[in-house]
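K.L.:
To start, I am sharing the structure in question, which I have written as structure tokens.
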Amino acid sequence: MQSDLDHLVVLAATLEDGQRWCERTLGLKPGSGGRHELMGTHNRLLRIDSLAYPQAYLEIIAIEPGAPTQRGPHQRRWFDLDDAELSGRIARDGPALAHWVARTGDVRAACSAWQRLGIDRGPPLAAGRQTPQGLLQWQITVRDDGARLFDGCLPTLIEWGALHPVPAMAECGLRLERLRVVHPQHRLLGQAAQAIGLRGLTVAGDGPARLEALLQTPAGPVLLASA
């Protein structure tokens, strides 16, 4: 099995907040994204692929005002977007890197590998959205409680259909140089990465839980880090 970083997840209270964060932090206006009818969310995207992280991108995502979800009454949205503490912090302090998604060729096999380690990443759900290039379709793991797990350091898993969004994104001068997670349970996170053949990730235990992504931007290096 082989897996790679697919995208970084920046949570925002609104997409307008997310755009302002992007312009202030990365010096760029984010590209277009779309709506997720399954979750009642919408996003903006930026290409950050590099030799070490092929087909990688950055997603700024927020709950779409007034949009219903197709989740059940006791099911939450992905990425802890319905978590009151996290959403309150994002509303107060502004958008922030909070999670990441790993791309794999067999999401069910990857879930099974993690279950053998005692990690329940949640069932793969079918999702999709229309784009000018055609229908994007994917399977993505979402727990009923919407939890990111391990303070956002363990990735959500995704398996794409025929199309991936990155080839249609404009080059913007961003490149991901390094992805690193720090967590007290770093040994288990390392085992989880190894179990799905995850490449390009450094796992450490030298401090409080956080996710770090080093980006090269037109203005120089920028380190994004989760709280």
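Residues are named by chain letter and number: chains run A, B, ... in the order of the structure tokens, numbers start at 1 in each chain, and ligands are numbered from 1 in the order shown.
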So that I can check the surroundings of Gly72 in chain A, please list as a list of chain:residue names every protein, DNA and RNA residue that reaches within 12 Å of it, counting only C-alpha atoms and ignoring chain neighbours fewer than 4 positions away.
P.N.:
A:Leu38, A:Met39, A:Pro68, A:Arg76, A:Arg77, A:Arg143, A:Asp144, A:Asp145, A:Gly146
K.L.:
Give me the residues within 12 Å of Gly205 in chain A as an mmCIF file with C-alpha atoms, in the first residue's frame, counting only C-alpha atoms and dropping any in the same chain fewer than 6 places off.
P.N.:
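For reference, selection_30.cif as written:
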data_model
loop_
_atom_site.group_PDB
_atom_site.id
_atom_site.type_symbol
_atom_site.label_atom_id
_atom_site.label_comp_id
_atom_site.auth_asym_id
_atom_site.auth_seq_id
_atom_site.Cartn_x
_atom_site.Cartn_y
_atom_site.Cartn_z
ATOM 1 C CA CYS A 153 -2.536 15.029 13.458
ATOM 2 C CA ARG A 180 5.582 17.292 10.249
ATOM 3 C CA VAL A 181 3.386 16.156 13.122
ATOM 4 C CA VAL A 182 4.295 16.396 16.787
ATOM 5 C CA HIS A 183 2.241 14.435 19.293
ATOM 6 C CA PRO A 184 2.606 12.645 22.651
ATOM 7 C CA GLN A 185 1.364 9.467 20.882
ATOM 8 C CA HIS A 186 3.972 9.812 18.152
ATOM 9 C CA ARG A 187 4.855 6.122 18.182
ATOM 10 C CA LEU A 188 1.290 5.100 17.343
ATOM 11 C CA LEU A 189 1.086 7.818 14.688
ATOM 12 C CA GLY A 190 4.311 6.517 13.194
ATOM 13 C CA LEU A 211 0.687 19.874 12.697
#
K.L.:
For CA of Gln194 in chain A and CA of Asp4 in chain A, determine how far apart the two atoms are, in Å to one decimal place.
P.N.:
11.5 Å
K.L.:
Restricting the calculation to only C-alpha atoms, which member of A:Leu154, A:Ala209, A:Leu45, A:Ala67 is positioned closest to Pro30 in chain A?
P.N.:
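Of the candidates, the smallest distance to Pro30 in chain A is held by A:Leu45.
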K.L.:
According to DSSP computed on the backbone, where in range 27-145 of chain A is there strand (DSSP E or B)? Give the residues as a PyMOL selection string.
P.N.:
chain A and resi 31-36+41-47+57-63+96-104+124-131+134-141
K.L.:
Please produce a file of those selected residues containing C-alpha atoms, as a compact mmCIF listing (two decimals), in the first residue's frame.
P.N.:
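Wrote out_6.txt, looks like this:
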# COMPACT_ATOMS: atom_id res chain seq x y z
CA GLY A 31 -8.53 29.93 -6.23
CA SER A 32 -12.08 28.82 -6.73
CA GLY A 33 -13.50 25.73 -5.07
CA GLY A 34 -17.06 24.50 -4.76
CA ARG A 35 -19.94 23.32 -2.60
CA HIS A 36 -20.23 20.04 -0.70
CA THR A 41 -19.75 23.22 3.41
CA HIS A 42 -17.87 25.13 0.71
CA ASN A 43 -14.21 25.79 0.01
CA ARG A 44 -11.45 27.66 -1.83
CA LEU A 45 -8.32 25.90 -3.08
CA LEU A 46 -4.63 26.58 -3.72
CA ARG A 47 -2.11 24.38 -5.47
CA TYR A 57 -3.20 21.37 -2.44
CA LEU A 58 -4.43 23.58 0.38
CA GLU A 59 -8.14 23.76 1.18
CA ILE A 60 -9.82 26.64 3.01
CA ILE A 61 -13.18 25.31 4.17
CA ALA A 62 -16.16 26.76 6.05
CA ILE A 63 -19.78 25.90 6.78
CA ALA A 96 -6.00 28.19 11.05
CA LEU A 97 -4.41 25.00 9.82
CA ALA A 98 -6.32 22.29 11.66
CA HIS A 99 -6.04 19.00 9.77
CA TRP A 100 -4.85 17.17 6.68
CA VAL A 101 -6.05 14.49 4.30
CA ALA A 102 -4.01 11.55 2.96
CA ARG A 103 -4.65 10.07 -0.49
CA THR A 104 -4.60 6.29 -0.90
CA PRO A 124 -15.61 5.78 3.73
CA LEU A 125 -18.44 7.96 2.41
CA ALA A 126 -19.11 8.68 -1.26
CA ALA A 127 -18.97 12.39 -2.10
CA GLY A 128 -18.62 14.58 -5.15
CA ARG A 129 -19.11 17.96 -6.78
CA GLN A 130 -19.41 19.36 -10.28
CA THR A 131 -16.52 21.34 -11.80
CA GLY A 134 -16.30 17.34 -15.00
CA LEU A 135 -17.62 15.54 -11.94
CA LEU A 136 -15.16 15.10 -9.09
CA GLN A 137 -15.93 11.97 -7.10
CA TRP A 138 -14.21 10.56 -4.06
CA GLN A 139 -14.56 8.34 -1.01
CA ILE A 140 -13.57 9.94 2.28
CA THR A 141 -13.51 8.67 5.85
K.L.:
Distance CA of Leu26 in chain A-CA of Pro155 in chain A, one decimal place?
P.N.:
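If I compute the distance from CA of Leu26 in chain A to CA of Pro155 in chain A, I get 23.0 Å.
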K.L.:
One decimal, in Å: what's the spacing between CA of Asp106 in chain A and CA of Gly161 in chain A?
P.N.:
11.0 Å
K.L.:
Step one, run DSSP on the backbone; step two, keep only residues of range 35-216 of chain A assigned to helix (DSSP H, G or I); then write them as a ChimeraX atom specification.
P.N.:
/A:78-80,84-93,107-115,150-152,166-168,186-195
K.L.:
Would you kindly return, as a ChimeraX atom specification, each protein, DNA or RNA residue with an atom no farther than 10 Å from any atom of Trp21 in chain A, considering only C-alpha atoms and excluding same-chain residues fewer than 3 positions away?
P.N.:
/A:10,12,15-18,24-30,60,94-96
K.L.:
Could you please take those selected residues and save N, CA and C atoms as a PDB file, in the first residue's frame?
P.N.:
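For reference, selection09.pdb as written:
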ATOM      1  N   VAL A  10      -7.438  24.098   6.150  1.00  0.00           N
ATOM      2  CA  VAL A  10      -7.511  25.323   6.941  1.00  0.00           C
ATOM      3  C   VAL A  10      -8.982  25.609   7.216  1.00  0.00           C
ATOM      4  N   ALA A  12     -12.106  27.894   8.557  1.00  0.00           N
ATOM      5  CA  ALA A  12     -12.445  29.308   8.654  1.00  0.00           C
ATOM      6  C   ALA A  12     -13.906  29.440   9.069  1.00  0.00           C
ATOM      7  N   LEU A  15     -15.840  31.852   4.353  1.00  0.00           N
ATOM      8  CA  LEU A  15     -14.859  31.854   3.266  1.00  0.00           C
ATOM      9  C   LEU A  15     -14.235  33.224   3.073  1.00  0.00           C
ATOM     10  N   GLU A  16     -14.983  34.290   3.400  1.00  0.00           N
ATOM     11  CA  GLU A  16     -14.410  35.628   3.322  1.00  0.00           C
ATOM     12  C   GLU A  16     -13.260  35.778   4.304  1.00  0.00           C
ATOM     13  N   ASP A  17     -13.454  35.253   5.532  1.00  0.00           N
ATOM     14  CA  ASP A  17     -12.360  35.239   6.506  1.00  0.00           C
ATOM     15  C   ASP A  17     -11.172  34.443   5.959  1.00  0.00           C
ATOM     16  N   GLY A  18     -11.470  33.313   5.328  1.00  0.00           N
ATOM     17  CA  GLY A  18     -10.422  32.470   4.788  1.00  0.00           C
ATOM     18  C   GLY A  18      -9.641  33.148   3.682  1.00  0.00           C
ATOM     19  N   ARG A  24      -3.266  37.573   3.574  1.00  0.00           N
ATOM     20  CA  ARG A  24      -2.375  38.112   4.610  1.00  0.00           C
ATOM     21  C   ARG A  24      -1.209  37.165   4.902  1.00  0.00           C
ATOM     22  N   THR A  25      -1.464  35.867   4.933  1.00  0.00           N
ATOM     23  CA  THR A  25      -0.469  34.887   5.356  1.00  0.00           C
ATOM     24  C   THR A  25       0.415  34.407   4.208  1.00  0.00           C
ATOM     25  N   LEU A  26      -0.189  34.163   3.056  1.00  0.00           N
ATOM     26  CA  LEU A  26       0.536  33.592   1.921  1.00  0.00           C
ATOM     27  C   LEU A  26       0.762  34.586   0.798  1.00  0.00           C
ATOM     28  N   GLY A  27       0.133  35.754   0.895  1.00  0.00           N
ATOM     29  CA  GLY A  27       0.312  36.777  -0.122  1.00  0.00           C
ATOM     30  C   GLY A  27      -0.398  36.488  -1.425  1.00  0.00           C
ATOM     31  N   LEU A  28      -1.407  35.607  -1.382  1.00  0.00           N
ATOM     32  CA  LEU A  28      -2.104  35.187  -2.594  1.00  0.00           C
ATOM     33  C   LEU A  28      -3.603  35.099  -2.348  1.00  0.00           C
ATOM     34  N   LYS A  29      -4.355  35.350  -3.395  1.00  0.00           N
ATOM     35  CA  LYS A  29      -5.793  35.141  -3.337  1.00  0.00           C
ATOM     36  C   LYS A  29      -6.083  33.680  -3.664  1.00  0.00           C
ATOM     37  N   PRO A  30      -6.897  32.996  -2.855  1.00  0.00           N
ATOM     38  CA  PRO A  30      -7.153  31.585  -3.132  1.00  0.00           C
ATOM     39  C   PRO A  30      -7.962  31.395  -4.410  1.00  0.00           C
ATOM     40  N   ILE A  60      -9.196  25.785   1.994  1.00  0.00           N
ATOM     41  CA  ILE A  60      -9.817  26.641   3.006  1.00  0.00           C
ATOM     42  C   ILE A  60     -11.293  26.294   2.996  1.00  0.00           C
ATOM     43  N   GLY A  94      -9.437  33.531  14.236  1.00  0.00           N
ATOM     44  CA  GLY A  94      -9.244  33.551  12.795  1.00  0.00           C
ATOM     45  C   GLY A  94      -8.931  32.183  12.223  1.00  0.00           C
ATOM     46  N   PRO A  95      -8.905  32.058  10.904  1.00  0.00           N
ATOM     47  CA  PRO A  95      -8.636  30.776  10.243  1.00  0.00           C
ATOM     48  C   PRO A  95      -7.294  30.187  10.671  1.00  0.00           C
ATOM     49  N   ALA A  96      -7.228  28.856  10.616  1.00  0.00           N
ATOM     50  CA  ALA A  96      -6.001  28.185  11.052  1.00  0.00           C
ATOM     51  C   ALA A  96      -5.898  26.809  10.411  1.00  0.00           C
TER      52      ALA A  96
END
K.L.:
Measuring between only C-alpha atoms, which one of A:Ile48, A:Ala219, A:Ala204, A:Ala147 shows the shortest distance to Asp6 in chain A?
P.N.:
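Comparing A:Ile48, A:Ala219, A:Ala204, A:Ala147 against Asp6 in chain A, the winner is A:Ile48.
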K.L.:
Considering only C-alpha atoms, can you say which of A:Asp120, A:Ala213, A:Asp49, A:Leu11 comes closest to Pro165 in chain A?
P.N.:
A:Asp49
